[in-house]
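*Asks:* Got target16.cif for you, mmCIF, C-alpha atoms:
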```cif
data_target
loop_
_atom_site.label_atom_id
_atom_site.label_comp_id
_atom_site.auth_asym_id
_atom_site.auth_seq_id
_atom_site.Cartn_x
_atom_site.Cartn_y
_atom_site.Cartn_z
CA MET A 958 54.41 125.85 134.79
CA SER A 959 57.73 124.49 133.50
CA ASN A 960 58.54 120.85 132.85
CA ILE A 961 61.78 121.05 134.82
CA TYR A 962 61.92 118.84 137.89
CA LEU A 963 64.24 118.48 140.84
CA GLY A 964 65.03 114.94 141.91
CA TYR A 965 65.98 114.44 145.56
CA HIS A 966 67.93 111.21 145.92
CA PHE A 967 67.66 110.15 149.58
CA THR A 968 69.80 107.48 151.23
CA VAL A 969 67.91 106.20 154.28
CA GLU A 970 68.99 103.95 157.14
CA PRO A 971 67.15 101.95 158.33
CA LYS A 972 65.62 101.97 154.88
CA GLU A 973 62.15 100.42 155.16
CA LEU A 974 60.65 102.28 158.10
CA GLY A 975 62.61 105.46 157.41
CA SER A 976 61.51 105.58 153.77
CA GLU A 977 57.85 105.12 154.70
CA ILE A 978 57.99 107.99 157.19
CA LEU A 979 59.96 110.20 154.81
CA VAL A 980 57.47 109.63 151.98
CA ALA A 981 54.58 110.44 154.34
CA GLU A 982 56.23 113.73 155.37
CA LEU A 983 57.31 114.72 151.86
CA GLY A 984 53.81 113.91 150.64
CA GLU A 985 52.59 116.95 152.56
CA LYS A 986 54.83 119.08 150.32
CA PRO A 987 54.51 119.62 146.54
CA PHE A 988 56.55 116.48 145.78
CA GLU A 989 54.49 114.59 143.24
CA SER A 990 56.16 111.23 142.76
CA PHE A 991 58.40 108.86 144.68
CA ILE A 992 60.51 105.93 143.52
CA GLU A 993 61.89 103.30 145.87
CA THR A 994 65.61 102.78 145.26
CA GLU A 995 68.21 100.35 146.54
CA PHE A 996 69.28 102.70 149.33
CA GLY A 997 66.14 104.76 150.00
CA ILE A 998 63.89 106.84 147.78
CA THR A 999 63.98 109.45 145.04
CA ALA A 1000 61.42 112.24 145.36
CA TYR A 1001 60.45 114.51 142.47
CA ILE A 1002 59.15 118.07 142.61
CA GLN A 1003 58.49 120.61 139.86
CA LYS A 1004 61.12 123.31 140.06
CA ASP A 1005 58.47 126.04 139.97
CA LEU A 1006 57.01 124.65 143.21
CA TRP A 1007 60.37 124.35 144.98
CA SER A 1008 61.65 126.71 147.70
CA GLU A 1009 64.84 126.93 149.74
CA ALA A 1010 62.88 125.96 152.85
CA ILE A 1011 61.20 122.90 151.31
CA LEU A 1012 62.84 120.46 153.77
CA GLU A 1013 63.05 122.69 156.84
CA ASP A 1014 60.19 121.11 158.81
CA ILE A 1015 60.72 117.49 157.70
CA TYR A 1016 61.02 115.97 161.17
CA ILE A 1017 62.65 112.67 160.24
CA LEU A 1018 65.67 114.43 158.70
CA ASN A 1019 66.65 115.52 162.21
CA SER A 1020 65.62 112.35 164.05
CA PRO A 1021 68.46 110.53 165.85
CA GLU A 1022 66.75 107.22 165.00
CA PHE A 1023 67.54 107.56 161.29
CA THR A 1024 70.54 108.44 159.17
CA ILE A 1025 69.44 110.26 156.03
CA SER A 1026 71.48 112.02 153.38
CA TYR A 1027 70.51 113.33 149.96
CA LYS A 1028 71.69 114.94 146.77
CA VAL A 1029 69.61 117.02 144.36
CA GLU A 1030 69.55 116.73 140.58
CA GLU A 1031 67.81 118.97 138.04
CA ILE A 1032 65.90 116.97 135.44
CA ASP A 1033 64.25 118.24 132.28
CA GLN A 1034 60.93 116.70 131.21
CA VAL A 1035 60.66 113.63 133.42
CA ASN A 1036 59.24 110.61 131.61
CA TRP A 1037 57.52 108.83 134.49
CA ASN A 1038 56.91 105.62 132.58
CA GLU A 1039 60.59 105.46 131.76
CA GLU A 1040 61.48 106.06 135.42
CA TRP A 1041 59.18 103.24 136.55
CA GLU A 1042 60.55 100.94 133.87
CA LYS A 1043 64.11 101.59 135.05
CA ASN A 1044 63.26 101.02 138.71
CA PHE A 1045 60.60 98.30 138.75
CA GLU A 1046 61.62 94.84 137.61
CA PRO A 1047 59.11 91.95 137.57
CA ILE A 1048 59.19 89.71 140.63
CA ASP A 1049 58.94 85.92 140.66
CA VAL A 1050 57.95 84.27 143.95
CA ASP A 1051 58.61 80.52 143.90
CA GLY A 1052 57.63 80.30 140.23
CA LYS A 1053 53.96 80.57 141.22
CA CYS A 1054 53.34 84.30 141.62
CA HIS A 1055 54.62 87.03 139.32
CA VAL A 1056 54.25 90.68 140.23
CA ARG A 1057 54.71 93.10 137.36
CA ALA A 1058 53.95 96.61 136.17
CA PRO A 1059 51.48 97.24 133.32
CA PHE A 1060 54.37 97.73 130.87
CA HIS A 1061 55.80 94.25 131.56
CA PRO A 1062 54.60 91.30 129.43
CA LYS A 1063 52.17 88.82 130.95
CA THR A 1064 53.66 85.57 132.18
CA ASP A 1065 52.21 82.07 132.54
CA ALA A 1066 52.46 82.16 136.34
CA GLU A 1067 49.49 80.76 138.22
CA PHE A 1068 49.01 84.15 139.88
CA ASP A 1069 49.83 87.12 137.65
CA ILE A 1070 49.49 90.40 139.57
CA VAL A 1071 49.73 93.79 137.88
CA ILE A 1072 50.77 96.63 140.19
CA GLU A 1073 51.19 100.32 139.41
CA PRO A 1074 53.11 101.27 142.56
CA LYS A 1075 53.25 105.06 142.11
CA MET A 1076 54.08 106.57 145.50
CA SER A 1077 53.21 103.47 147.52
CA PHE A 1078 55.36 100.70 148.89
CA GLY A 1079 54.64 97.00 148.71
CA THR A 1080 55.55 96.16 145.14
CA GLY A 1081 56.83 92.74 146.14
CA HIS A 1082 60.47 93.74 145.89
CA HIS A 1083 60.90 94.10 149.60
CA GLU A 1084 61.73 90.98 151.58
CA THR A 1085 58.70 91.30 153.86
CA THR A 1086 56.17 91.41 151.02
CA HIS A 1087 57.95 88.52 149.31
CA MET A 1088 57.67 86.36 152.44
CA MET A 1089 54.01 87.22 152.98
CA ILE A 1090 53.36 86.11 149.40
CA GLN A 1091 55.14 82.85 150.25
CA HIS A 1092 52.84 82.30 153.23
CA LEU A 1093 49.74 82.91 151.12
CA LEU A 1094 50.93 80.68 148.29
CA GLU A 1095 51.13 77.64 150.56
CA MET A 1096 47.83 78.27 152.35
CA GLU A 1097 44.25 77.32 151.52
CA VAL A 1098 42.35 80.59 151.96
CA ALA A 1099 39.16 79.98 149.98
CA ASP A 1100 36.18 81.79 151.54
CA MET A 1101 38.27 83.08 154.43
CA LYS A 1102 37.20 86.53 155.58
CA THR A 1103 40.48 88.44 155.33
CA LEU A 1104 42.13 91.66 156.49
CA ASP A 1105 45.18 93.20 154.79
CA MET A 1106 46.37 95.71 157.39
CA GLY A 1107 48.81 98.36 156.19
CA CYS A 1108 48.00 97.24 152.66
CA GLY A 1109 50.34 99.59 150.73
CA THR A 1110 49.60 98.69 147.10
CA ALA A 1111 47.06 95.98 148.15
CA ILE A 1112 49.23 93.30 146.54
CA LEU A 1113 48.56 90.83 149.38
CA ALA A 1114 44.82 91.46 149.35
CA ILE A 1115 44.83 90.92 145.58
CA LEU A 1116 46.68 87.62 145.88
CA ALA A 1117 44.31 86.52 148.67
CA GLU A 1118 41.31 87.16 146.40
CA MET A 1119 42.99 85.33 143.51
CA LYS A 1120 43.28 82.34 145.87
CA GLY A 1121 39.59 82.52 146.78
CA ALA A 1122 39.52 84.56 150.00
CA LYS A 1123 36.44 86.73 150.48
CA PRO A 1124 35.33 89.20 151.60
CA ILE A 1125 38.55 91.15 152.09
CA ASP A 1126 39.20 94.47 153.83
CA ALA A 1127 42.37 96.37 152.88
CA ILE A 1128 43.34 99.22 155.22
CA ASP A 1129 46.13 101.80 155.12
CA ILE A 1130 46.65 105.02 157.04
CA ASP A 1131 48.27 106.74 154.05
CA ASN A 1132 45.91 108.47 151.60
CA TRP A 1133 48.08 107.70 148.58
CA CYS A 1134 48.21 104.01 149.51
CA TYR A 1135 44.42 104.04 149.90
CA LEU A 1136 43.91 105.53 146.43
CA ASN A 1137 46.59 103.35 144.83
CA SER A 1138 45.09 100.22 146.40
CA ILE A 1139 41.71 101.01 144.88
CA GLU A 1140 43.33 101.42 141.46
CA ASN A 1141 45.29 98.19 141.75
CA CYS A 1142 42.24 96.21 142.86
CA GLU A 1143 40.37 97.48 139.81
CA ARG A 1144 43.36 96.75 137.58
CA ASN A 1145 43.37 93.12 138.73
CA ASN A 1146 39.58 92.77 138.38
CA CYS A 1147 39.04 92.20 142.10
CA SER A 1148 35.43 92.30 143.23
CA HIS A 1149 35.67 91.17 146.87
CA ILE A 1150 38.10 93.77 148.28
CA SER A 1151 36.93 96.86 150.19
CA VAL A 1152 39.65 99.49 150.70
CA TYR A 1153 39.61 101.83 153.70
CA GLU A 1154 41.77 104.73 154.82
CA GLY A 1155 42.56 104.60 158.54
CA GLU A 1156 44.22 102.66 161.34
CA ALA A 1157 43.41 99.93 163.86
CA ALA A 1158 40.44 101.86 165.26
CA LEU A 1159 38.55 100.74 162.13
CA LEU A 1160 38.71 97.15 163.35
CA ALA A 1161 36.26 97.63 166.22
CA GLY A 1162 33.37 95.21 165.82
CA LYS A 1163 34.99 93.41 162.87
CA ASN A 1164 35.98 89.74 162.68
CA TYR A 1165 38.27 87.86 160.33
CA ASP A 1166 39.49 84.33 159.61
CA LEU A 1167 42.83 85.60 158.25
CA ILE A 1168 44.72 88.77 159.17
CA ILE A 1169 47.75 89.90 157.17
CA ALA A 1170 49.78 92.67 158.84
CA ASN A 1171 53.00 93.77 157.14
CA ILE A 1172 53.84 97.01 158.93
CA ASN A 1173 56.68 97.48 161.44
CA ARG A 1174 57.51 96.20 164.91
CA ASN A 1175 56.26 99.16 166.92
CA ILE A 1176 52.90 99.42 165.18
CA LEU A 1177 52.41 95.65 165.33
CA LEU A 1178 53.08 95.61 169.08
CA ASN A 1179 50.81 98.60 169.63
CA ASP A 1180 47.92 97.11 167.63
CA MET A 1181 48.37 93.40 168.43
CA GLN A 1182 45.44 93.29 170.85
CA ALA A 1183 43.16 94.79 168.20
CA TYR A 1184 44.19 92.05 165.76
CA VAL A 1185 43.63 89.30 168.31
CA ASP A 1186 40.25 90.73 169.33
CA CYS A 1187 38.90 90.53 165.78
CA LEU A 1188 40.49 87.20 164.84
CA ASN A 1189 37.96 84.37 164.74
CA PRO A 1190 38.55 81.10 166.61
CA ASN A 1191 41.11 79.02 164.67
CA GLY A 1192 41.97 82.13 162.70
CA ILE A 1193 45.42 82.79 161.23
CA LEU A 1194 47.62 85.85 161.76
CA LEU A 1195 50.49 86.56 159.34
CA LEU A 1196 53.02 89.14 160.50
CA SER A 1197 56.02 90.81 158.90
CA GLY A 1198 57.87 94.11 158.78
CA PHE A 1199 60.54 93.39 161.39
CA TYR A 1200 63.95 91.79 161.86
CA ASN A 1201 65.12 88.50 163.35
CA GLU A 1202 66.15 90.24 166.56
CA ASP A 1203 62.59 91.57 166.98
CA ILE A 1204 61.10 88.06 167.18
CA PRO A 1205 61.22 87.77 171.02
CA PHE A 1206 59.14 90.94 171.40
CA ILE A 1207 56.61 89.95 168.72
CA ASP A 1208 56.37 86.37 169.98
CA ALA A 1209 55.89 87.44 173.60
CA SER A 1210 53.05 89.74 172.59
CA CYS A 1211 51.37 87.02 170.52
CA THR A 1212 51.72 84.17 173.01
CA GLU A 1213 50.52 86.18 175.99
CA LYS A 1214 47.36 86.92 173.98
CA GLY A 1215 46.74 83.24 173.35
CA LEU A 1216 48.17 82.84 169.86
CA LYS A 1217 50.17 79.74 168.88
CA TYR A 1218 53.31 79.98 166.76
CA ALA A 1219 53.20 78.01 163.49
CA LYS A 1220 55.92 79.01 161.01
CA LYS A 1221 58.70 81.44 160.12
CA PHE A 1222 60.18 82.65 156.85
CA GLU A 1223 63.48 84.54 156.86
CA ARG A 1224 65.00 86.63 154.08
CA ASN A 1225 68.09 88.84 154.50
CA ASN A 1226 67.46 89.09 158.27
CA TRP A 1227 63.84 90.18 157.71
CA VAL A 1228 61.30 87.68 159.03
CA SER A 1229 57.65 86.77 158.66
CA LEU A 1230 55.77 84.79 161.31
CA LYS A 1231 52.55 82.78 161.19
CA TYR A 1232 50.32 82.28 164.23
CA HIS A 1233 47.06 80.41 164.91
CA LYS A 1234 44.39 81.43 167.40
#
```
As structure tokens, please, write out the structure in this file.
*Replies:*
Amino acid sequence: MSNIYLGYHFTVEPKELGSEILVAELGEKPFESFIETEFGITAYIQKDLWSEAILEDIYILNSPEFTISYKVEEIDQVNWNEEWEKNFEPIDVDGKCHVRAPFHPKTDAEFDIVIEPKMSFGTGHHETTHMMIQHLLEMEVADMKTLDMGCGTAILAILAEMKGAKPIDAIDIDNWCYLNSIENCERNNCSHISVYEGEAALLAGKNYDLIIANINRNILLNDMQAYVDCLNPNGILLLSGFYNEDIPFIDASCTEKGLKYAKKFERNNWVSLKYHK
């Protein structure tokens, strides 16, 4: 097996949802690593495993809902640590929470989270994750039974545990996110987080004081009843993964199910909403 790789540089619009779907589809192929970029993702595959038809049945590339273009580059002997270091800068949220990779120096932030993102999303760079961190930073969550739905890298579950929440369930439908979340929980010495691979069907019979759901509008609307059903009285629901113009749809779904609006964060037209039961 050679050490020559092909790098597919994808430009994706809309980026967040499109990139997640694209990574999920490419993950079924021999692509072995993905890096989130400013305009989409870069996917790497060993040249020996490549074929002319590698992208033929990637559905999203032909979907009218997304605009995706790409260029291919041949790369000799990829240094993955170097790639991560080039593409993953430390994040500072309100001076209280720092999110960094293992190769970044430790800071004196109150909450210092170490994330090895690999193929998963949710490093804290995206606006939605940043706003969810903001919500958690200003909340008292000690001893709250918590759910991180669509956990990605489990960064929000990790911060919740650092602030005293327990026990915590972290759930993601993507196998790589599931495995990466387990690694990141171990890396941050978390002992109260249980990670599961699956979707909202796993919530049957469960109950939580705090639910964190950073996914996308359509999934949130589809699964909203499941969240409400397992939210304890006086429980809190934090939502993100959608735009300002999506608020009427999200709010209508929440209010008709008895939830009360509490707060909004906005960042580059992305929003995050907080509701009480």
*Asks:* Give me the result of the PyMOL selection byres ((chain A and resi 1224) around 8) on this file, residue by residue, as a PDB file with C-alpha atoms, in the coordinates of the input.
*Replies:*
```
ATOM      1  CA  GLU A1084      61.730  90.980 151.580  1.00  0.00           C
ATOM      2  CA  THR A1085      58.700  91.300 153.860  1.00  0.00           C
ATOM      3  CA  MET A1088      57.670  86.360 152.440  1.00  0.00           C
ATOM      4  CA  PHE A1222      60.180  82.650 156.850  1.00  0.00           C
ATOM      5  CA  GLU A1223      63.480  84.540 156.860  1.00  0.00           C
ATOM      6  CA  ASN A1225      68.090  88.840 154.500  1.00  0.00           C
ATOM      7  CA  ASN A1226      67.460  89.090 158.270  1.00  0.00           C
ATOM      8  CA  TRP A1227      63.840  90.180 157.710  1.00  0.00           C
ATOM      9  CA  VAL A1228      61.300  87.680 159.030  1.00  0.00           C
TER      10      VAL A1228
END
```
*Asks:* So which residues touch Gly1162 (chain A) within 12 Å, counting all atoms listed in the file, skipping near sequence neighbours fewer than 6 positions away, as a PyMOL selection string?
*Replies:* chain A and resi 1183-1184+1186-1189
*Asks:* Extract, using only C-alpha atoms, all DNA, RNA and protein residues at most 10 Å from His1055 (chain A), discarding same-chain residues fewer than 5 positions from it, and format them as a PDB file with C-alpha atoms, in the coordinates of the input.
*Replies:*
```pdb
ATOM      1  CA  PRO A1047      59.110  91.950 137.570  1.00  0.00           C
ATOM      2  CA  ILE A1048      59.190  89.710 140.630  1.00  0.00           C
ATOM      3  CA  ASP A1049      58.940  85.920 140.660  1.00  0.00           C
ATOM      4  CA  VAL A1050      57.950  84.270 143.950  1.00  0.00           C
ATOM      5  CA  LYS A1063      52.170  88.820 130.950  1.00  0.00           C
ATOM      6  CA  THR A1064      53.660  85.570 132.180  1.00  0.00           C
ATOM      7  CA  ASP A1065      52.210  82.070 132.540  1.00  0.00           C
ATOM      8  CA  ALA A1066      52.460  82.160 136.340  1.00  0.00           C
ATOM      9  CA  GLU A1067      49.490  80.760 138.220  1.00  0.00           C
ATOM     10  CA  PHE A1068      49.010  84.150 139.880  1.00  0.00           C
ATOM     11  CA  ASP A1069      49.830  87.120 137.650  1.00  0.00           C
ATOM     12  CA  ILE A1070      49.490  90.400 139.570  1.00  0.00           C
ATOM     13  CA  VAL A1071      49.730  93.790 137.880  1.00  0.00           C
ATOM     14  CA  GLY A1081      56.830  92.740 146.140  1.00  0.00           C
TER      15      GLY A1081
END
```
*Asks:* Applied to this file, what does the PyMOL selection byres ((chain A and resi 980) around 10) return in terms of residues, put as a list in words?
*Replies:*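 Checked against the file, the PyMOL selection byres ((chain A and resi 980) around 10) matches Gly975, Ser976, Glu977, Ile978, Leu979, Ala981, Glu982, Leu983, Gly984, Glu985, Lys986, Phe988, Ser990, Phe991, Ile992, Glu993, Ile998, Thr999, Ala1000, Met1076, Ser1077, Phe1078 and Asp1131 of chain A.
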*Asks:* Which residue is closest to His1087 (chain A)? Choose from A:Ala1157, A:Leu1116, A:Met1106, A:Ala1099 and count all atoms listed in the file.
*Replies:*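 The closest residue to His1087 (chain A) is A:Leu1116.
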*Asks:* Can you pull out the residues contacting Ser1151 (chain A)? Cut-off 9 Å, using all atoms listed in the file, and skip same-chain residues under 2 positions away; I want them as a list in words.
*Replies:*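 Final neighbour list, sorted by chain and number: Pro1124, Ile1125, Asp1126, Ala1127, Ile1128, Ile1139, Ser1148, His1149 and Tyr1153 of chain A.
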*Asks:* Output the residue selection produced by the PyMOL selection byres ((chain A and resi 1101) around 9) on the file above, formatted as a PyMOL selection string.
*Replies:* chain A and resi 1097-1100+1102-1103+1121-1125+1165-1167
*Asks:* Please tabulate, as JSON lines, the residues of region 1080-1197 of chain A that come within 8 Å of region 1230-1233 of chain A, each with its closest pair of atoms and the distance in Å to one decimal, counting all atoms listed in the file and ordering rows by chain, then residue number upward.
*Replies:*
```
{"residue": "A:His1092", "atom": "CA", "partner": "A:Lys1231", "partner_atom": "CA", "distance": 8.0}
{"residue": "A:Asn1191", "atom": "CA", "partner": "A:His1233", "partner_atom": "CA", "distance": 6.1}
{"residue": "A:Gly1192", "atom": "CA", "partner": "A:His1233", "partner_atom": "CA", "distance": 5.8}
{"residue": "A:Ile1193", "atom": "CA", "partner": "A:His1233", "partner_atom": "CA", "distance": 4.7}
{"residue": "A:Leu1194", "atom": "CA", "partner": "A:Tyr1232", "partner_atom": "CA", "distance": 5.1}
{"residue": "A:Leu1195", "atom": "CA", "partner": "A:Lys1231", "partner_atom": "CA", "distance": 4.7}
{"residue": "A:Leu1196", "atom": "CA", "partner": "A:Leu1230", "partner_atom": "CA", "distance": 5.2}
{"residue": "A:Ser1197", "atom": "CA", "partner": "A:Leu1230", "partner_atom": "CA", "distance": 6.5}
```
*Asks:* Once you have the residues from the selection above, write them out as a CSV table (one decimal), keeping the file's coordinate frame, restricted to C-alpha atoms.
*Replies:*
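Heads up, here's the output in selection.csv:
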```csv
chain,number,residue,atom,x,y,z
A,1092,HIS,CA,52.8,82.3,153.2
A,1191,ASN,CA,41.1,79.0,164.7
A,1192,GLY,CA,42.0,82.1,162.7
A,1193,ILE,CA,45.4,82.8,161.2
A,1194,LEU,CA,47.6,85.8,161.8
A,1195,LEU,CA,50.5,86.6,159.3
A,1196,LEU,CA,53.0,89.1,160.5
A,1197,SER,CA,56.0,90.8,158.9
```
*Asks:* Between A:Lys1028, A:His1061, A:Leu963, A:Thr1086, which one has atoms that come closest to Trp1007 (chain A), using all atoms listed in the file?
*Replies:*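 Nearest to Trp1007 (chain A): A:Leu963.
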*Asks:* How many Å separate CA of Gln1003 (chain A) from CA of Leu1018 (chain A)?
*Replies:*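 Result for CA of Gln1003 (chain A) versus CA of Leu1018 (chain A): 21.1 Å, one decimal.
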*Asks:* Rank A:Ile1172, A:Thr1212, A:Ser1138, A:Asn1164 by their smallest atom-to-atom distance to Val1152 (chain A), using only C-alpha atoms, and report the top residue only.
*Replies:*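 Closest residue, counting only C-alpha atoms: A:Ser1138.
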*Asks:* What gap, in Å, lies between CA of Val1029 (chain A) and CA of Leu974 (chain A)?
*Replies:* 22.1 Å
*Asks:* Please, what distance in Å, to one decimal, runs between CA of Ile1207 (chain A) and CA of Glu1095 (chain A)?
*Replies:*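 Here the two named atoms are 22.6 Å from each other.
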*Asks:* Identify, on the basis of only C-alpha atoms, every residue whose closest approach to Val969 (chain A) does not exceed 7 Å; exclude the query and any residue fewer than 6 positions from it along the same chain; express the result as a ChimeraX atom specification.
*Replies:* /A:975-976,996-997,1024-1026
*Asks:* Which one is closest to Phe1206 (chain A): A:Ala1161, A:Ala1219, A:Leu1177, A:Ile1015? Count all atoms listed in the file.
*Replies:*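 Ranked by minimum distance to Phe1206 (chain A), first place goes to A:Leu1177.
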*Asks:* With distances taken over all atoms listed in the file, which of A:Leu1160, A:Tyr1016, A:Tyr1027, A:Gly1109 is nearest to Phe967 (chain A)?
*Replies:*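 Result for the nearest residue to Phe967 (chain A): A:Tyr1027.
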*Asks:* Taking all atoms listed in the file into account, which of A:Leu1012, A:Cys1054, A:Ile1017, A:Ile1072 comes nearest Gln1091 (chain A)?
*Replies:* A:Cys1054
